[in-house]
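A.B. asks: If you scroll down you'll find the structure; I have some questions about it.
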Amino acid sequence: MPTGRLRWFASRVWDSGHVGEDNTWAAPTAADAIDAEVRVPGSKSITNRAFVLAALSAGKTLVREPLDSRDARLMLSALDVLGAASTATTDGVLLEPMTGGTGEVRVALGNAGTVARFTPPLATLGSRTVHFDGDPAIRRRPVAPLLHALRALGADIDDGGRGAAPFTVRGHGGLDGGRVDLDSSASSQFLSALLLSAPAFTRGVTVRLKGEAPSEPHIAMTLDMLRRFGAEPERDGPEFHVPPATLALDTYTVEPDLSSAAPFVVAPLLAGGRVRVSGWPAETTQPGDWLRDLVRELGGEAVLDAEGLTVTGGGTVPGADLDLHAVGELTPVIAALLCFAEGPSEIRGVAHLRGHETDRLAALATELSALGGDVTETDDGLRIRPAPLHGGTFHTYDDHRLVMAGAVLGLRIADVVVENPATVGKTYPEFVADWERVLHQG
Ligand SMILES: O=C(O)C1=C[C@@H](OP(=O)(O)O)[C@@H](O)[C@H](O)C1
Ligand SMILES: C=C(OP(=O)(O)O)C(=O)O
C-alpha cells in the first residue's frame, strides 16, 4: 500500500466543518449568483486504468496526478496483493511491474466496479488463488458475463454458481486468451476488463459483443489508454481485437474527473453566474465532456479555453429529453438538475443503472419524490415533471453520485440534509469542502 504523501480520504470530508457528527450535511443554498473556480481531482476511470496498465508493463510507470480516493486505493491494494507494488511520490504513484507468486490471497473490492471487473483477469496471469469480495452492494452488481468469458478463455473460476461476488480465481501462470463472445449490456466494464489485460494473454483476445454495451466513451478510453501503453487494439464494429504486446510507459498524467465536475458545471444553470473548472482537457475520451453540449442545450454558455471550461447560466432551465446510455454515470446530477426545469423531462437509455452502486433509478425516484419532486421510473430511465420541491433528508444509499445530486438540490431548496456525505469519498473525498468553497466565493 502506498504511504506517505497520499491523503487519507475520509478526513477531507470531516475537515469541511459543516458535516454533522451524525454524518449528515446541510447542503448550502445559493444565495447569489455564483462566481467561482474549482479544480476537481483526477479521473477515477483513467486513474484505475493507468494503475492496471502500469502493473502490466515491463518497467516502472509513474502515474502523475492520480485520483486519491477509496476506489483508487482499493485498486492499488488489489494490485499490491496481485504482485504489483506501488509507492507514493511527490506528484503521483510509482508502480512496479506485476510479479508472479503463489499462495492464497484476498482482494477487497469495496463497491468499486472498476476493481471488481478489471482485476479478475489479472488474477489469471499469476499462480495465486485469489478470493474476491467487498461491500454488500458489490455482491448485487453484475459480473457473471465477465466470469463466463474468462472461463471460455481458459480461466479457472469458482463463484459457487452465484454469478456474483464473492468468487475465486485460481491462477495457473497465464491465460491462453483467443476468441470469445461477450454480453456487455449490463456494464461496459466487462469489455474494458478483457481488453485491458489482453496484451498479457498468450494469444491476446478477440471479443465479439452480443448486444449493445453502454458507456461508449469508457470503451474509447480503454482503447486509447492501451495504445498509449504500446498495445495495438483494433475495432471493427462489435468486434475488438487486442494482440499480445509488451507494454511500457515511463509516465502517465491523469486528467481531472469531468464526471466529478458535473455538479459544478450545472450549478450556474440553477443559481445563475459563472463557474470555471480549471484543467478541463482540450481533447478527452471522458463521458463528462458531453456536459458542454448539455449546458448549451439547456440555454447556458460553455467556453473551453487553455485555462479550463467556463460555464455561465441564467438560473432557469427548460425541460429536456435525454438519452444518457453513453454517459450513464452523469444521471444522478442531471436528474437533480431537471427537477427544476420549467417543462417535463425524460431520461432514457440507462436501465443498466439498476446495477450501479445502488439501483440508481429506484433511489433517485424515491429520494427526489420524497422532497416533493414529480419523478417516476420508466423501464430504462426517469420521467420528471415540474413540481415545487421542499427540504428534507436526502438518503444516499452509499452512492457518491447521490451526494453530488443532493448538493445540486440544495442550491435551490432550503434545508436539504444529505445523509452520509462521507460516501462521496469513493471518487471525490474533498467534494463537500470544495462545494462549500465554490458557493461562498461569489
Ligand atoms: O470503465 C469505467 O471506468 C466506467 C464505466 C461505466 O460503467 P458502466 O458501463 O457499468 O455504466 C461508468 O458508469 C463507471 O462509472 C466507470
Ligand atoms: C458506476 C460508477 O462507478 P463504478 O466504477 O463503481 O462502476 C460511477 O462512478 O458512477
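As shown in the C-alpha cells, the chain order sets the letters A, B, ...; within each chain, residues go from 1, and ligands are also counted from 1 in the order they appear.
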Any idea what's packed within 7 Å of Ala193 (chain A), counting only C-alpha atoms, ignoring anything in its chain fewer than 5 positions away? Could you give it as an mmCIF file with N, CA and C atoms, in the first residue's frame?

C.D. replies:
```cif
data_model
loop_
_atom_site.group_PDB
_atom_site.id
_atom_site.type_symbol
_atom_site.label_atom_id
_atom_site.label_comp_id
_atom_site.auth_asym_id
_atom_site.auth_seq_id
_atom_site.Cartn_x
_atom_site.Cartn_y
_atom_site.Cartn_z
ATOM 1 N N ARG A 117 -14.245 -5.504 -11.818
ATOM 2 C CA ARG A 117 -14.218 -6.010 -13.198
ATOM 3 C C ARG A 117 -12.800 -6.067 -13.772
ATOM 4 N N PHE A 118 -11.934 -5.104 -13.431
ATOM 5 C CA PHE A 118 -10.621 -5.053 -14.101
ATOM 6 C C PHE A 118 -9.581 -6.002 -13.481
ATOM 7 N N PRO A 121 -9.271 -10.556 -14.403
ATOM 8 C CA PRO A 121 -8.412 -11.053 -15.485
ATOM 9 C C PRO A 121 -6.930 -11.046 -15.099
#
```

A.B. asks: Under the rule of at most 6 Å, produce a per-residue listing of chain A near ligand 1: chain, number, name, the closest pair of atoms, and the distance in Å, as a Markdown table, using only C-alpha atoms and all ligand atoms.

C.D. replies:
```
| residue | atom | partner | partner_atom_place_in_ligand_line | distance |
| --- | --- | --- | --- | --- |
| A:Ser45 | CA | ligand 1 | 3 (O) | 3.7 |
| A:Thr114 | CA | ligand 1 | 3 (O) | 5.9 |
| A:Ser187 | CA | ligand 1 | 10 (O) | 3.5 |
| A:Ser188 | CA | ligand 1 | 9 (O) | 3.7 |
| A:Gln189 | CA | ligand 1 | 1 (O) | 4.8 |
| A:Pro214 | CA | ligand 1 | 9 (O) | 5.2 |
| A:Ser215 | CA | ligand 1 | 9 (O) | 4.7 |
| A:His218 | CA | ligand 1 | 1 (O) | 5.0 |
| A:Gly328 | CA | ligand 1 | 13 (O) | 5.6 |
| A:Glu329 | CA | ligand 1 | 13 (O) | 4.4 |
```

A.B. asks: Set the distance at 12 Å and use only C-alpha atoms: which residues neighbour Glu239 (chain A) once local chain neighbours fewer than 5 positions away are removed? I'd like the list as a list in words.

C.D. replies: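 The neighbour list is Arg179, Val180, Asp181, Leu182, Leu191, Leu195, Val205, Thr206, Val207, Arg208, Leu209, Lys210, Gly211, Glu212, Ala213, Pro233 and Glu234 of chain A.
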
A.B. asks: Please dump the current selection as a PDB file, in the first residue's frame; keep N, CA and C atoms.

C.D. replies:
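After the write, result_8.pdb holds the following:
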```
ATOM      1  N   ARG A 179     -10.525 -16.143 -28.948  1.00  0.00           N
ATOM      2  CA  ARG A 179     -11.789 -15.536 -29.411  1.00  0.00           C
ATOM      3  C   ARG A 179     -12.913 -15.824 -28.398  1.00  0.00           C
ATOM      4  N   VAL A 180     -13.742 -14.811 -28.131  1.00  0.00           N
ATOM      5  CA  VAL A 180     -14.834 -15.028 -27.179  1.00  0.00           C
ATOM      6  C   VAL A 180     -16.000 -14.085 -27.473  1.00  0.00           C
ATOM      7  N   ASP A 181     -17.220 -14.552 -27.217  1.00  0.00           N
ATOM      8  CA  ASP A 181     -18.410 -13.702 -27.307  1.00  0.00           C
ATOM      9  C   ASP A 181     -18.665 -13.110 -25.922  1.00  0.00           C
ATOM     10  N   LEU A 182     -19.162 -11.881 -25.890  1.00  0.00           N
ATOM     11  CA  LEU A 182     -19.394 -11.235 -24.592  1.00  0.00           C
ATOM     12  C   LEU A 182     -20.675 -10.418 -24.638  1.00  0.00           C
ATOM     13  N   LEU A 191     -16.245  -5.545 -20.946  1.00  0.00           N
ATOM     14  CA  LEU A 191     -15.436  -5.452 -22.163  1.00  0.00           C
ATOM     15  C   LEU A 191     -14.085  -4.809 -21.851  1.00  0.00           C
ATOM     16  N   LEU A 195     -10.192  -6.314 -22.426  1.00  0.00           N
ATOM     17  CA  LEU A 195      -9.258  -5.626 -23.330  1.00  0.00           C
ATOM     18  C   LEU A 195      -8.003  -5.171 -22.580  1.00  0.00           C
ATOM     19  N   VAL A 205      -6.657 -11.244 -27.368  1.00  0.00           N
ATOM     20  CA  VAL A 205      -8.088 -11.556 -27.317  1.00  0.00           C
ATOM     21  C   VAL A 205      -8.819 -10.958 -28.511  1.00  0.00           C
ATOM     22  N   THR A 206      -9.844 -11.678 -28.963  1.00  0.00           N
ATOM     23  CA  THR A 206     -10.783 -11.127 -29.934  1.00  0.00           C
ATOM     24  C   THR A 206     -12.164 -11.255 -29.308  1.00  0.00           C
ATOM     25  N   VAL A 207     -12.783 -10.113 -28.992  1.00  0.00           N
ATOM     26  CA  VAL A 207     -14.084 -10.128 -28.322  1.00  0.00           C
ATOM     27  C   VAL A 207     -15.148  -9.712 -29.315  1.00  0.00           C
ATOM     28  N   ARG A 208     -16.192 -10.532 -29.413  1.00  0.00           N
ATOM     29  CA  ARG A 208     -17.338 -10.140 -30.228  1.00  0.00           C
ATOM     30  C   ARG A 208     -18.491  -9.800 -29.284  1.00  0.00           C
ATOM     31  N   LEU A 209     -18.949  -8.538 -29.358  1.00  0.00           N
ATOM     32  CA  LEU A 209     -20.026  -8.099 -28.468  1.00  0.00           C
ATOM     33  C   LEU A 209     -21.363  -8.633 -28.921  1.00  0.00           C
ATOM     34  N   LYS A 210     -22.106  -9.197 -27.987  1.00  0.00           N
ATOM     35  CA  LYS A 210     -23.502  -9.590 -28.223  1.00  0.00           C
ATOM     36  C   LYS A 210     -24.359  -8.554 -27.520  1.00  0.00           C
ATOM     37  N   GLY A 211     -25.185  -7.866 -28.234  1.00  0.00           N
ATOM     38  CA  GLY A 211     -25.964  -6.790 -27.599  1.00  0.00           C
ATOM     39  C   GLY A 211     -25.112  -5.534 -27.516  1.00  0.00           C
ATOM     40  N   GLU A 212     -25.769  -4.453 -27.104  1.00  0.00           N
ATOM     41  CA  GLU A 212     -25.097  -3.157 -27.127  1.00  0.00           C
ATOM     42  C   GLU A 212     -24.530  -2.815 -25.751  1.00  0.00           C
ATOM     43  N   ALA A 213     -23.282  -2.417 -25.715  1.00  0.00           N
ATOM     44  CA  ALA A 213     -22.689  -2.021 -24.431  1.00  0.00           C
ATOM     45  C   ALA A 213     -22.981  -0.543 -24.172  1.00  0.00           C
ATOM     46  N   PRO A 233      -4.670  -2.180 -30.124  1.00  0.00           N
ATOM     47  CA  PRO A 233      -6.051  -2.678 -30.214  1.00  0.00           C
ATOM     48  C   PRO A 233      -6.701  -2.245 -31.520  1.00  0.00           C
ATOM     49  N   GLU A 234      -7.588  -3.097 -32.021  1.00  0.00           N
ATOM     50  CA  GLU A 234      -8.336  -2.751 -33.236  1.00  0.00           C
ATOM     51  C   GLU A 234      -9.813  -2.975 -32.955  1.00  0.00           C
TER      52      GLU A 234
END
```

A.B. asks: Please give the complete set of residues from region 143-313 of chain A that DSSP, run on the backbone, assigns to strand (DSSP E), formatted as number ranges by chain.

C.D. replies: A: 156-158, 167-170, 178-182, 205-209, 234-236, 239-242, 251-253, 273-278, 301-305, 308-313

A.B. asks: Include C-alpha atoms and write out the residues we just selected as a short mmCIF file (atom, residue, chain, number, x, y, z; two decimals), in the first residue's frame.

C.D. replies:
```
data_model
loop_
_atom_site.label_atom_id
_atom_site.label_comp_id
_atom_site.auth_asym_id
_atom_site.auth_seq_id
_atom_site.Cartn_x
_atom_site.Cartn_y
_atom_site.Cartn_z
CA ASP A 156 -10.32 -21.37 -13.52
CA ILE A 157 -13.04 -19.54 -11.58
CA ASP A 158 -15.30 -20.65 -8.74
CA PHE A 167 -15.76 -15.54 -6.25
CA THR A 168 -12.32 -17.12 -6.53
CA VAL A 169 -9.88 -17.07 -9.44
CA ARG A 170 -7.20 -19.77 -9.41
CA GLY A 178 -8.30 -16.12 -28.04
CA ARG A 179 -11.79 -15.54 -29.41
CA VAL A 180 -14.83 -15.03 -27.18
CA ASP A 181 -18.41 -13.70 -27.31
CA LEU A 182 -19.39 -11.23 -24.59
CA VAL A 205 -8.09 -11.56 -27.32
CA THR A 206 -10.78 -11.13 -29.93
CA VAL A 207 -14.08 -10.13 -28.32
CA ARG A 208 -17.34 -10.14 -30.23
CA LEU A 209 -20.03 -8.10 -28.47
CA GLU A 234 -8.34 -2.75 -33.24
CA ARG A 235 -12.07 -2.35 -33.50
CA ASP A 236 -14.41 -3.37 -36.27
CA GLU A 239 -15.56 -6.88 -32.74
CA PHE A 240 -12.49 -5.90 -30.74
CA HIS A 241 -9.02 -7.38 -31.16
CA VAL A 242 -6.01 -6.89 -28.89
CA THR A 251 4.90 8.48 -17.12
CA TYR A 252 1.13 8.84 -17.49
CA THR A 253 -0.61 12.04 -16.36
CA GLY A 273 -23.50 33.24 -12.56
CA ARG A 274 -20.31 31.53 -13.62
CA VAL A 275 -18.12 28.56 -12.68
CA ARG A 276 -14.74 27.82 -14.17
CA VAL A 277 -13.49 24.23 -13.98
CA SER A 278 -9.73 24.53 -14.39
CA GLU A 301 -22.85 29.03 -22.20
CA ALA A 302 -19.83 26.73 -22.08
CA VAL A 303 -16.50 28.16 -23.23
CA LEU A 304 -13.43 25.95 -23.34
CA ASP A 305 -10.02 27.62 -23.47
CA GLY A 308 -10.38 25.36 -18.50
CA LEU A 309 -14.13 25.30 -19.02
CA THR A 310 -16.21 28.33 -18.06
CA VAL A 311 -19.93 27.77 -17.69
CA THR A 312 -22.39 30.64 -17.45
CA GLY A 313 -26.07 30.21 -16.69
#
```

A.B. asks: Once you count only C-alpha atoms and all ligand atoms, what closest atom pair and distance in Å to one decimal does each residue of chain A within 7 Å of ligand 2 have, with rows by chain and rising residue number, as JSON lines?

C.D. replies:
```
{"residue": "A:Asn111", "atom": "CA", "partner": "ligand 2", "partner_atom_place_in_ligand_line": "6 (O)", "distance": 5.8}
{"residue": "A:Ala112", "atom": "CA", "partner": "ligand 2", "partner_atom_place_in_ligand_line": "6 (O)", "distance": 3.8}
{"residue": "A:Gly113", "atom": "CA", "partner": "ligand 2", "partner_atom_place_in_ligand_line": "6 (O)", "distance": 3.4}
{"residue": "A:Thr114", "atom": "CA", "partner": "ligand 2", "partner_atom_place_in_ligand_line": "5 (O)", "distance": 4.7}
{"residue": "A:Glu329", "atom": "CA", "partner": "ligand 2", "partner_atom_place_in_ligand_line": "10 (O)", "distance": 4.1}
{"residue": "A:His356", "atom": "CA", "partner": "ligand 2", "partner_atom_place_in_ligand_line": "1 (C)", "distance": 5.0}
{"residue": "A:Glu357", "atom": "CA", "partner": "ligand 2", "partner_atom_place_in_ligand_line": "6 (O)", "distance": 6.0}
{"residue": "A:Arg401", "atom": "CA", "partner": "ligand 2", "partner_atom_place_in_ligand_line": "10 (O)", "distance": 6.4}
```

A.B. asks: Could the residues in this selection be saved with C-alpha atoms as a PDB file, in the first residue's frame?

C.D. replies:
```
ATOM      1  CA  ASN A 111     -18.075  -1.098  -4.115  1.00  0.00           C
ATOM      2  CA  ALA A 112     -15.679  -0.272  -6.946  1.00  0.00           C
ATOM      3  CA  GLY A 113     -16.906  -1.515 -10.309  1.00  0.00           C
ATOM      4  CA  THR A 114     -13.503  -0.883 -11.866  1.00  0.00           C
ATOM      5  CA  GLU A 329     -22.760   7.971 -14.591  1.00  0.00           C
ATOM      6  CA  HIS A 356     -24.634   0.546 -10.285  1.00  0.00           C
ATOM      7  CA  GLU A 357     -23.568   1.447  -6.715  1.00  0.00           C
ATOM      8  CA  ARG A 401     -23.102  10.459  -7.038  1.00  0.00           C
TER       9      ARG A 401
END
```

A.B. asks: Compile the contact shell of Asp323 (chain A) as a short mmCIF file (atom, residue, chain, number, x, y, z; two decimals) with N, CA and C atoms, in the first residue's frame: residues with an atom at most 8 Å away, counting only C-alpha atoms, same-chain residues fewer than 3 positions apart removed.

C.D. replies:
```
data_model
loop_
_atom_site.label_atom_id
_atom_site.label_comp_id
_atom_site.auth_asym_id
_atom_site.auth_seq_id
_atom_site.Cartn_x
_atom_site.Cartn_y
_atom_site.Cartn_z
N ALA A 326 -24.79 6.50 -23.16
CA ALA A 326 -23.33 6.58 -23.27
C ALA A 326 -22.69 7.25 -22.06
N ILE A 347 -35.40 11.03 -19.05
CA ILE A 347 -34.05 10.47 -19.16
C ILE A 347 -34.21 9.03 -19.63
N ARG A 348 -33.53 8.65 -20.70
CA ARG A 348 -33.69 7.31 -21.29
C ARG A 348 -32.36 6.59 -21.40
N GLY A 349 -32.44 5.29 -21.71
CA GLY A 349 -31.24 4.54 -22.11
C GLY A 349 -30.34 4.12 -20.96
N VAL A 350 -30.86 4.18 -19.72
CA VAL A 350 -29.97 3.90 -18.58
C VAL A 350 -30.51 2.79 -17.66
#
```

A.B. asks: Of the candidates A:Thr87, A:Ser260, A:Thr119, A:Thr202, which shows the shortest atom-to-atom distance to Arg39 (chain A), using only C-alpha atoms?

C.D. replies: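 Ranking A:Thr87, A:Ser260, A:Thr119, A:Thr202 by distance to Arg39 (chain A), first place goes to A:Ser260.
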
A.B. asks: Pick out the residues sitting within 9 Å of Leu291 (chain A), and hand them over as a compact mmCIF listing (two decimals) with N, CA and C atoms, in the first residue's frame; count only C-alpha atoms, and ignore anything fewer than 4 positions along from it in its own chain.

C.D. replies:
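Output saved as out_17.txt:
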```
# COMPACT_ATOMS: atom_id res chain seq x y z
N LEU A 258 -14.09 14.63 -15.13
CA LEU A 258 -15.14 15.51 -15.65
C LEU A 258 -16.53 15.08 -15.17
N SER A 259 -16.66 13.84 -14.72
CA SER A 259 -17.95 13.44 -14.12
C SER A 259 -18.07 13.98 -12.70
N ALA A 262 -19.38 17.45 -12.74
CA ALA A 262 -20.77 17.67 -13.19
C ALA A 262 -21.57 18.60 -12.27
N VAL A 265 -20.52 22.11 -12.89
CA VAL A 265 -20.87 22.56 -14.24
C VAL A 265 -22.34 22.98 -14.32
N VAL A 266 -23.22 22.22 -13.66
CA VAL A 266 -24.64 22.56 -13.77
C VAL A 266 -25.06 23.65 -12.78
N PRO A 287 -16.63 10.70 -20.54
CA PRO A 287 -18.04 10.99 -20.83
C PRO A 287 -18.46 12.39 -20.38
N VAL A 295 -25.00 21.80 -21.42
CA VAL A 295 -25.13 23.19 -20.94
C VAL A 295 -25.73 24.05 -22.06
N ARG A 296 -25.22 23.88 -23.26
CA ARG A 296 -25.71 24.71 -24.38
C ARG A 296 -27.16 24.34 -24.69
N ALA A 302 -20.98 27.53 -22.52
CA ALA A 302 -19.83 26.73 -22.08
C ALA A 302 -18.66 27.08 -22.99
N LEU A 330 -23.54 10.19 -15.30
CA LEU A 330 -23.94 11.58 -15.07
C LEU A 330 -25.41 11.68 -14.62
```

A.B. asks: Could you give me, as JSON lines, every region 312-369 of chain A residue with an atom at most 10 Å from region 403-426 of chain A, plus its closest atom pair and distance in Å to one decimal, counting only C-alpha atoms, rows ordered by chain then number?

C.D. replies:
```
{"residue": "A:Gly315", "atom": "CA", "partner": "A:Arg412", "partner_atom": "CA", "distance": 9.9}
{"residue": "A:Leu330", "atom": "CA", "partner": "A:Ala405", "partner_atom": "CA", "distance": 9.7}
{"residue": "A:Thr331", "atom": "CA", "partner": "A:Ala405", "partner_atom": "CA", "distance": 9.0}
{"residue": "A:Pro332", "atom": "CA", "partner": "A:Ala405", "partner_atom": "CA", "distance": 5.6}
{"residue": "A:Val333", "atom": "CA", "partner": "A:Ala405", "partner_atom": "CA", "distance": 4.5}
{"residue": "A:Ile334", "atom": "CA", "partner": "A:Ala405", "partner_atom": "CA", "distance": 7.8}
{"residue": "A:Ala335", "atom": "CA", "partner": "A:Ala405", "partner_atom": "CA", "distance": 7.8}
{"residue": "A:Ala336", "atom": "CA", "partner": "A:Ala405", "partner_atom": "CA", "distance": 5.5}
{"residue": "A:Leu337", "atom": "CA", "partner": "A:Val408", "partner_atom": "CA", "distance": 6.7}
{"residue": "A:Leu338", "atom": "CA", "partner": "A:Leu409", "partner_atom": "CA", "distance": 10.0}
{"residue": "A:Cys339", "atom": "CA", "partner": "A:Leu409", "partner_atom": "CA", "distance": 8.4}
{"residue": "A:Phe340", "atom": "CA", "partner": "A:Arg412", "partner_atom": "CA", "distance": 8.4}
{"residue": "A:Leu364", "atom": "CA", "partner": "A:Ala405", "partner_atom": "CA", "distance": 9.0}
{"residue": "A:Glu367", "atom": "CA", "partner": "A:Gly406", "partner_atom": "CA", "distance": 9.4}
{"residue": "A:Leu368", "atom": "CA", "partner": "A:Leu409", "partner_atom": "CA", "distance": 9.0}
```

A.B. asks: Would you save the residues from that selection as an mmCIF file, in the first residue's frame, using N, CA and C atoms?

C.D. replies:
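This is the output file part_0.cif:
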```
data_model
loop_
_atom_site.group_PDB
_atom_site.id
_atom_site.type_symbol
_atom_site.label_atom_id
_atom_site.label_comp_id
_atom_site.auth_asym_id
_atom_site.auth_seq_id
_atom_site.Cartn_x
_atom_site.Cartn_y
_atom_site.Cartn_z
ATOM 1 N N GLY A 315 -29.988 30.773 -14.554
ATOM 2 C CA GLY A 315 -30.822 30.413 -13.422
ATOM 3 C C GLY A 315 -32.123 29.722 -13.788
ATOM 4 N N LEU A 330 -23.540 10.186 -15.299
ATOM 5 C CA LEU A 330 -23.941 11.579 -15.068
ATOM 6 C C LEU A 330 -25.405 11.683 -14.616
ATOM 7 N N THR A 331 -26.128 10.580 -14.671
ATOM 8 C CA THR A 331 -27.577 10.612 -14.438
ATOM 9 C C THR A 331 -28.009 11.237 -13.109
ATOM 10 N N PRO A 332 -27.413 10.862 -11.954
ATOM 11 C CA PRO A 332 -27.935 11.428 -10.700
ATOM 12 C C PRO A 332 -27.909 12.957 -10.674
ATOM 13 N N VAL A 333 -26.813 13.550 -11.119
ATOM 14 C CA VAL A 333 -26.702 15.018 -11.103
ATOM 15 C C VAL A 333 -27.688 15.634 -12.094
ATOM 16 N N ILE A 334 -27.833 15.017 -13.261
ATOM 17 C CA ILE A 334 -28.740 15.577 -14.276
ATOM 18 C C ILE A 334 -30.198 15.437 -13.824
ATOM 19 N N ALA A 335 -30.522 14.338 -13.177
ATOM 20 C CA ALA A 335 -31.895 14.160 -12.677
ATOM 21 C C ALA A 335 -32.225 15.243 -11.650
ATOM 22 N N ALA A 336 -31.263 15.526 -10.759
ATOM 23 C CA ALA A 336 -31.490 16.583 -9.753
ATOM 24 C C ALA A 336 -31.695 17.917 -10.452
ATOM 25 N N LEU A 337 -30.879 18.204 -11.442
ATOM 26 C CA LEU A 337 -30.995 19.457 -12.200
ATOM 27 C C LEU A 337 -32.383 19.587 -12.838
ATOM 28 N N LEU A 338 -32.849 18.501 -13.465
ATOM 29 C CA LEU A 338 -34.104 18.573 -14.228
ATOM 30 C C LEU A 338 -35.338 18.689 -13.340
ATOM 31 N N CYS A 339 -35.173 18.435 -12.041
ATOM 32 C CA CYS A 339 -36.296 18.660 -11.118
ATOM 33 C C CYS A 339 -36.689 20.134 -11.099
ATOM 34 N N PHE A 340 -35.783 21.013 -11.509
ATOM 35 C CA PHE A 340 -36.069 22.457 -11.501
ATOM 36 C C PHE A 340 -36.409 22.981 -12.894
ATOM 37 N N LEU A 364 -33.197 7.378 -7.071
ATOM 38 C CA LEU A 364 -33.483 8.763 -7.481
ATOM 39 C C LEU A 364 -34.984 9.034 -7.453
ATOM 40 N N GLU A 367 -36.015 9.271 -3.663
ATOM 41 C CA GLU A 367 -35.483 10.414 -2.908
ATOM 42 C C GLU A 367 -35.946 11.754 -3.471
ATOM 43 N N LEU A 368 -36.008 11.870 -4.789
ATOM 44 C CA LEU A 368 -36.468 13.133 -5.373
ATOM 45 C C LEU A 368 -37.961 13.321 -5.088
#
```

A.B. asks: Can you tell me which residues surround Trp435 (chain A) at a distance of at most 10 Å, considering only C-alpha atoms, apart from same-chain residues fewer than 2 positions away, and format the answer as a list in words?

C.D. replies: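 With the cut-off at 10 Å, the set is Ser16, Ala27, Pro28, Val38, Pro263, Phe264, Met404, Ala407, Val408, Glu430, Phe431, Val432, Ala433, Arg437, Val438, Leu439 and His440 of chain A.
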